Amino acid sequence: MRWSARTASLLAYNVGVWAVILLLSFPLLWMVLTAFKPRTEALSFPPSFLPREWTLEHFRRVLNNTPFVAFFTNSVIVAVSTTAIVMLVAMFGAYSLARFRYPGRRLVGRMILFTYLLPSTVVLVPLYLIVVGLGLANSLAGLVVVYSTFALPFALWLLHAFVAAMPVDIEEAARVDGASRMGAFFDVVVPQALPGLISTALFTFILSWNEYLFSLVFINDTRSKTLPAGVTSLLLDSMNVEWNLLMAASVLITMPVLVFFAFLQKHLTRGFGAGAVKG
Amino acid sequence: MNVTLSHIQKRFADGTVAVHDFSLEVAAGEFLTFLGPSGCGKTTTLRMIAGLELPTAGAIHFGSRRIDDLAPGDRNVAMVFQSYALYPHMTVAENLAYPLRKRGVPRDERAARVAATAKLLQIEPLLQRRPKQLSGGQQQRVALGRAIIRDPDVFLLDEPLSNLDATLRAYMRAELVQLHRRIGKTMIYVTHDQVEAMTMSTRIAVMHQGRLQQVGTPADVYARPANRFVASFVGTPAMNFVEGALRLEPTGMQFVADGLAVAVDGRAVDANRPALAGFRPEDVSIGPAGEGGAGPAHGIGQVLVVEPLGHETLVVLEVGANQLVARCPSGIGLAAGERVGVVLNAGRAHLFDNVSGERLTV
């Protein structure tokens with residue numbers, strides 16, 4: 001049987017895609033497998049791929065013998081608060097940028113992403129001084145403020161694009177139908193922006209969940225640290241790396257994000273704006 | 001509910017004036033159409049009535065109540081948008097119920113009215129679908145339903161048929177006329193399509209460059225256009241215009257142009273002045289070519305193009321320096337290049353000022 005050019009290119013495409021997927025997911029896979037290997041096996045050479053012996057010992061130790069749960073709680077508080085604040089501000093801000101006419105509106109719209117041109121190490125010290133000035137040093141609230149400033153420009157930019165692409169007619173129809181401006185916003189704009197809102201929420205949540213540098217610098221008190229800084233400071237020192245514990249902790253850190261993704265993924269791709277307006 | 005627009009004006013932030021000193025009284029139960037080319041201010045005027053734009057000057061009254069400072073939702077108007085503007089995340093039933101929900105109508109009554117409206121518009125099988133699952137015609141019906149359901153004082157329709165294909169548009173025109181007759185409410189309709197305006201309206205308000213040109217019944221606007229713009233905008237094919245002069249001859253008033261001379265009813269018009277004459281294509285006919293022949297030809301023309309349309313034939317003629325379109329019976333049997341006599345229906349000539357374009361005859 002001869003293969004047509006189409007089948008061949010489809011095959012090549014699939015092989016390529018799977019190669020990339022394997023390349024990207026291998027470290028994740030390695031992390032999960034190592035977390036279940038006994039300590040000796042993790043360090044043995046040549047390394048084993050699948051654990052010869054499965055153990056939950058490392059998870060037990062991470063949860064019972066370290067402040068992991070405290071770190072986890074801190075991370076949840078910071079990520080959820082940041083996401084809530086960013087979503088609220090970004091949604092109203094994006095609506096304002098897209099719908100109202102005022103001086104400087106375009107400039108703000110274009111300058112939003114410029115904030116990302118500054119490397120975070122450059123703003124580290126100035127931001128720290130601001131946070132100290134606000135009296136939020138060494139507190140989770142300080143981290144929430146800082147992470148919000150990181151996520152907000154992207155959130156504004158993304159949602160602005162969503163709202164701007166939405167036909168004004170639908171909102172106007174709602175207002176003629178008896179809704180106030182705010183009513184039309186919640187009845188019509190928010191539901192249509194849902195895929196954008198979910199993407200933004202995911203972005204913000206992951207950003208604050210994974211952030212390391214600022215958490216490391218801003219929080220001195222060990223029990224107030226968030227997961228990335230807390231776990232690394234606990235399990236890494238110059239002499240010794242607790243690989244199995246580190247991997248078990250990493251698995252636990254990854255879980256909420258995976259769950260978040262699993263639940264929201266279908267909303268990311270569902271765009272019910274399509275077909276609303278003809279012409 | 002009658003609608004009164006008094007000297008309303010709309011000036012946008014960039015300084016452009018979309019609507020100039022516009023006054024109009026719409027009678028209760030009337031189907032009034034704003035007709036004009038795009039950019040003439042008709043949609044802006046409609047949006048001011050809806051409350052989506054605020055007039056920069058003037059007042060709008062519904063009955064005796066002044067409404068131009070009320071929010072759109074407090075005016076009890078319903079609007080059908082050109083894009084239909086259905087709520088994409090709601091089902092048809094939810095779309096229909098939305099205006100009732102916003103007015104606090106109880107759930108049971110909402111359901112009953114949704115059912116009744118769906119029945120009226122024959123969209124019952126679609127109630128659980130979302131807008132994107134509907135055809136253009138079905139979306140149109142839902143948009144109408146959402147307007148009807150709340151029993152508004154005034155219906156505002158902004159080019160509601162322009163996104164439909166030709167067949168469906170003709171069908172929906174008749175539906176809308178019937179709907180208007182059945183519910184008897186004031187409807188204000190915006191279109192650039194003169195066929196819609198002519199066929200559906202009680203009265204037509206012709207607009208151009210933000211100004212009201214003429215208000216009248218379709219027959220009136222067609223038979224007695226107030227100025228050159230109205231004359232040229234209403235009627236297909238468009239009216240023929242000929243530049244020439246009015247002369248008072250012993251036999252009466254004559255309109256004389258290059259290659260044409262025709263007696264016109266010129267009472268109350270100054271003689272011996274330049275003028276613009278307009279002839280509808282149906283008022284131009286073709287007679288024998290020879291001067292002094294059987295027909296009282298007003299000029300001699302040459303056939304440029306023959307356009308057979310089936311039920312009639314349009315003949316483009318060159319008469320002197322002018323081109324005229326004549327509406328002729330089908331099977332007239334003419335060919336391009338032929339010389340023919342041109343006969344004008346003198347009694348239905350329209351005379352306009354050659355500069356201002358205003359109508360001259362009474």
# chains A, B, ... in the order shown; residues from 1 in each chain; ligands from 1
>>> interface_residues(of="chain B", to="chain A", cutoff="6 Å", atoms="only C-alpha atoms", output="PyMOL selection string")
chain B and resi 72-73+83+85+88+99+102+132
>>> residues_around(residues="B:Ala231", least_positions_apart="6", cutoff="8 Å", atoms="only C-alpha atoms", output="list in words")
Tyr222, Pro225, Ala238, Met239 and Gly278 of chain B
>>> select_by_dssp(residues="stretch 52-189 of chain B", states="helix (DSSP H, G or I)", output="ChimeraX atom specification")
/B:72-74,92-102,107-120,124-126,131-133,136-148,166-183
>>> residues_around(residues="B:Gly51", least_positions_apart="3", cutoff="9 Å", atoms="only C-alpha atoms", output="list in words")
Val176 of chain A; Leu46, Arg47, Met48, Leu54, Pro55, Ile67, Asp68, Asp69, Leu70, Ala71, Pro72, Gly73 and Arg75 of chain B
>>> write_last_selection(atoms="C-alpha atoms", output="mmCIF file, in the first residue's frame")
data_model
loop_
_atom_site.group_PDB
_atom_site.id
_atom_site.type_symbol
_atom_site.label_atom_id
_atom_site.label_comp_id
_atom_site.auth_asym_id
_atom_site.auth_seq_id
_atom_site.Cartn_x
_atom_site.Cartn_y
_atom_site.Cartn_z
ATOM 1 C CA VAL A 176 -33.075 49.579 26.159
ATOM 2 C CA LEU B 46 -33.385 56.993 16.358
ATOM 3 C CA ARG B 47 -30.714 56.454 19.020
ATOM 4 C CA MET B 48 -31.643 59.767 20.603
ATOM 5 C CA LEU B 54 -28.230 62.389 24.260
ATOM 6 C CA PRO B 55 -29.323 65.317 22.091
ATOM 7 C CA ILE B 67 -38.180 61.803 28.022
ATOM 8 C CA ASP B 68 -34.854 63.029 26.676
ATOM 9 C CA ASP B 69 -33.217 62.984 30.098
ATOM 10 C CA LEU B 70 -34.446 59.478 30.997
ATOM 11 C CA ALA B 71 -32.264 56.361 30.835
ATOM 12 C CA PRO B 72 -33.075 54.091 27.873
ATOM 13 C CA GLY B 73 -34.662 51.521 30.167
ATOM 14 C CA ARG B 75 -38.551 55.225 28.341
#
>>> atom_distance(atom1="atom CA of B:Ile49", atom2="atom CA of B:Thr4")
9.7 Å
